[in-house]
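Student: Got a structure here, written out as C-alpha cells. Questions coming.
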Amino acid sequence: MIGFLLRRLAAMAATLLVICALTFTVFYLLPSDPAAQFCGKDCSADRIELVRQQLGLADPLIVQFWHYLVGIFAGQTMGTGQYAVHCGFPCFGYSFQSAQPVWDLMMDRLPTSVAMALGAAVLWLVLGVGTGVVSALRRGTWLDRTLMVGTIGIAALPVYFTAMILLYLCVVGLGLPMNPGYVAFSENPGEWFGHLILPWITLALLYAAIYARMTRNSVIETMAEPYVRTARAKGLPERRVVGKHGLRPALTPVATMLGMDLGGLLAGALITESMFSLPGVGKLFADSLNKSDQPVIMGVTLLASFFIVSSNLVVDLVYAWIDPRARLS
C-alpha cells in the first residue's frame with residue numbers, strides 16, 4: 001500500500017509540474033505586456049521597463065519559470081535595491097489590478113467555494129445515490145420510470161435557469177431570508193446556512209440527476225453478478241445482499257465521478273457563484289479574465305489542477321482499499 005501511495009504521489013507531482021509549465025508558457029506567449037498591465041495606463045516607457053526588470057520579465061523563459069517554481073515552494077524576492085519586494089511562501093506573484101499577493105486573494109475566496117462544494121456534494125450524493133438504488137430495485141415499475149424521467153428533465157435544465165427559478169420562488173414568492181451573498185460561518189451560522197442553501201440545492205439538483213442514472217445502471221449490473229445470486233441462495237437477508245454484496249461494488253464508478261466533480265467545484269463554480277453573488281474562487285477567476293489579470297488566472301488554474309489531481313489520488317486510494325488488484329495497476 002505504501003508503494004502504491006508513493007507511485008501515485010510521484011505521478012501527481014509530475015502532472016502538476018507539466019500543468020504549471022504549460023500554463024506558464026501559454027501566458028508568456030500572450031501578446032499583452034504584463035509589465036504595462038501591472039504599471040497602469042499612464043506609465044511611461046521608462047517606468048514600464050523598470051517594472052519589467054522588477055518582475056523579472058526581462059529574463060529568459062526558463063529562468064522565469066524556475067523563479068516561479070521556487071517562489072511557490074520557498075518564496076522569492078522580486079526586483080533589486082530599493083525596489084525589491086519579497087513575496088512570502090507560497091508565492092504565486094501579485095495581482096496586476098490590486099497589487100495584492102495572488103495566494104492571499106485565493107485564500108480569501110476559498111472558504112466560500114469549499115463550503116458550497118461540500119454542502120452540495122452531501123446533498124447530491126444522498127439524493128442521487130438514494131434515487132438510483134430505489135429505481136434499480138424497482139426496475140421496470142412505474143416508480144422506476146417516474147424517477148428516471150424526472151432525472152432526465154432536471155439534468156436538462158441549465159444551472160442559471162434553475163438558480164433563477166429558485167431565487168424567484170424562495171426569495172420573491174415566499175419571502176424567505178435566502179438573499180444572495182455570503183456571511184462567514186464564524187460570524188453568523190444561521191445567515192451562513194441561509195445564504196448557501198439555494199446554491200447547494202441548485203448544484204445538487206443537477207448532479208443528483210446524473211448520479212441517480214449512473215447508480216441505477218451500476219446497481220442493476222452488479223445485482224446480476226453470480227456472487228449476488230450465490231448470496232441469495234445461501235439465504236442471506238435481502239437487505240444484506242443489497243447493502244454488502246450489491247451496493248458497495250456498484251458505487252465504484254460513483255466514487256470516480258465524485259472525485260472529479262468535487263475537485264472541480266472546490267476551485268469554484270463560476271455560474272452558481274455569479275448567480276448568488278458568492279465571493280468564491282470561480283468569481284475571482286471570472287473577474288480576472290475580464291481584466292486580463294494573468295497572475296491571478298495562473299494561480300486559480302494551478303489551484304484547480306491541484307484539487308482535481310488530489311481528488312483523483314483519493315479515488316485511487318479508495319479503489320486500492322476496496323479492490324487490492326488496483327494497487328498493481
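Following the order of the C-alpha cells, chains are lettered A, B, ..., residues in each are numbered from 1, and ligands are numbered from 1.
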Extract, using only C-alpha atoms, all DNA, RNA and protein residues at most 6 Å from range 163-170 of chain A, discarding same-chain residues fewer than 4 positions from it, and format them as a compact mmCIF listing (two decimals) with N, CA and C atoms, in the first residue's frame.
Tutor:
```txt
# COMPACT_ATOMS: atom_id res chain seq x y z
N LEU A 174 -41.96 33.40 -1.80
CA LEU A 174 -42.21 33.02 -0.41
C LEU A 174 -41.62 34.00 0.59
N LEU A 176 -38.59 34.15 1.75
CA LEU A 176 -37.68 33.51 2.70
C LEU A 176 -36.37 34.30 2.79
N THR A 202 -29.21 24.18 -5.97
CA THR A 202 -29.01 24.36 -7.41
C THR A 202 -28.03 23.34 -7.96
```
Student: Need to verify the contact set: Leu30 in chain A, 12 Å, only C-alpha atoms, exclusion of same-chain residues closer than 6 positions in sequence. Can you return it as a list of chain:residue names?
Tutor: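 The neighbour list is A:Thr23, A:Phe24, A:Ser292, A:Gln294.
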Student: Which residues, written as a VMD selection string, have at least one atom at most 10 Å from range 239-241 of chain A, with only C-alpha atoms counted and residues fewer than 6 positions away on the same chain left out?
Tutor: chain A and resid 223 227 to 232 247
Student: Those residues you just picked out, can you put them in a file as a PDB file, in the first residue's frame with N, CA, C and O atoms?
Tutor:
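Once written, selection-v1.pdb looks like this:
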```pdb
ATOM      1  N   MET A 223     -26.194  -6.360  -9.393  1.00  0.00           N
ATOM      2  CA  MET A 223     -27.147  -7.324  -8.838  1.00  0.00           C
ATOM      3  C   MET A 223     -27.335  -8.545  -9.728  1.00  0.00           C
ATOM      4  O   MET A 223     -27.905  -9.552  -9.291  1.00  0.00           O
ATOM      5  N   TYR A 227     -22.033 -13.775  -7.864  1.00  0.00           N
ATOM      6  CA  TYR A 227     -21.839 -13.807  -6.421  1.00  0.00           C
ATOM      7  C   TYR A 227     -23.060 -13.261  -5.673  1.00  0.00           C
ATOM      8  O   TYR A 227     -23.301 -13.623  -4.516  1.00  0.00           O
ATOM      9  N   VAL A 228     -23.850 -12.391  -6.305  1.00  0.00           N
ATOM     10  CA  VAL A 228     -25.081 -11.906  -5.675  1.00  0.00           C
ATOM     11  C   VAL A 228     -26.123 -13.031  -5.651  1.00  0.00           C
ATOM     12  O   VAL A 228     -26.824 -13.221  -4.643  1.00  0.00           O
ATOM     13  N   ARG A 229     -26.211 -13.766  -6.762  1.00  0.00           N
ATOM     14  CA  ARG A 229     -27.144 -14.904  -6.768  1.00  0.00           C
ATOM     15  C   ARG A 229     -26.723 -15.958  -5.744  1.00  0.00           C
ATOM     16  O   ARG A 229     -27.583 -16.583  -5.092  1.00  0.00           O
ATOM     17  N   THR A 230     -25.407 -16.135  -5.570  1.00  0.00           N
ATOM     18  CA  THR A 230     -24.928 -17.094  -4.575  1.00  0.00           C
ATOM     19  C   THR A 230     -25.292 -16.640  -3.163  1.00  0.00           C
ATOM     20  O   THR A 230     -25.696 -17.454  -2.320  1.00  0.00           O
ATOM     21  N   ALA A 231     -25.169 -15.347  -2.907  1.00  0.00           N
ATOM     22  CA  ALA A 231     -25.528 -14.822  -1.586  1.00  0.00           C
ATOM     23  C   ALA A 231     -27.006 -15.039  -1.302  1.00  0.00           C
ATOM     24  O   ALA A 231     -27.389 -15.382  -0.169  1.00  0.00           O
ATOM     25  N   ARG A 232     -27.832 -14.854  -2.309  1.00  0.00           N
ATOM     26  CA  ARG A 232     -29.265 -15.091  -2.120  1.00  0.00           C
ATOM     27  C   ARG A 232     -29.550 -16.571  -1.914  1.00  0.00           C
ATOM     28  O   ARG A 232     -30.417 -16.952  -1.102  1.00  0.00           O
ATOM     29  N   LEU A 247     -24.388  -3.112  -3.297  1.00  0.00           N
ATOM     30  CA  LEU A 247     -24.212  -1.668  -3.346  1.00  0.00           C
ATOM     31  C   LEU A 247     -22.753  -1.246  -3.316  1.00  0.00           C
ATOM     32  O   LEU A 247     -22.349  -0.326  -4.035  1.00  0.00           O
TER      33      LEU A 247
END
```
Student: What is the distance between CA of Leu57 in chain A and CA of Ala36 in chain A, in Å to one decimal?
Tutor: 11.2 Å
Student: List the spatial neighbours of Leu284 in chain A as a count of residues only - criterion: any atom at most 10 Å away, only C-alpha atoms, same-chain residues fewer than 6 positions off excluded.
Tutor: 12
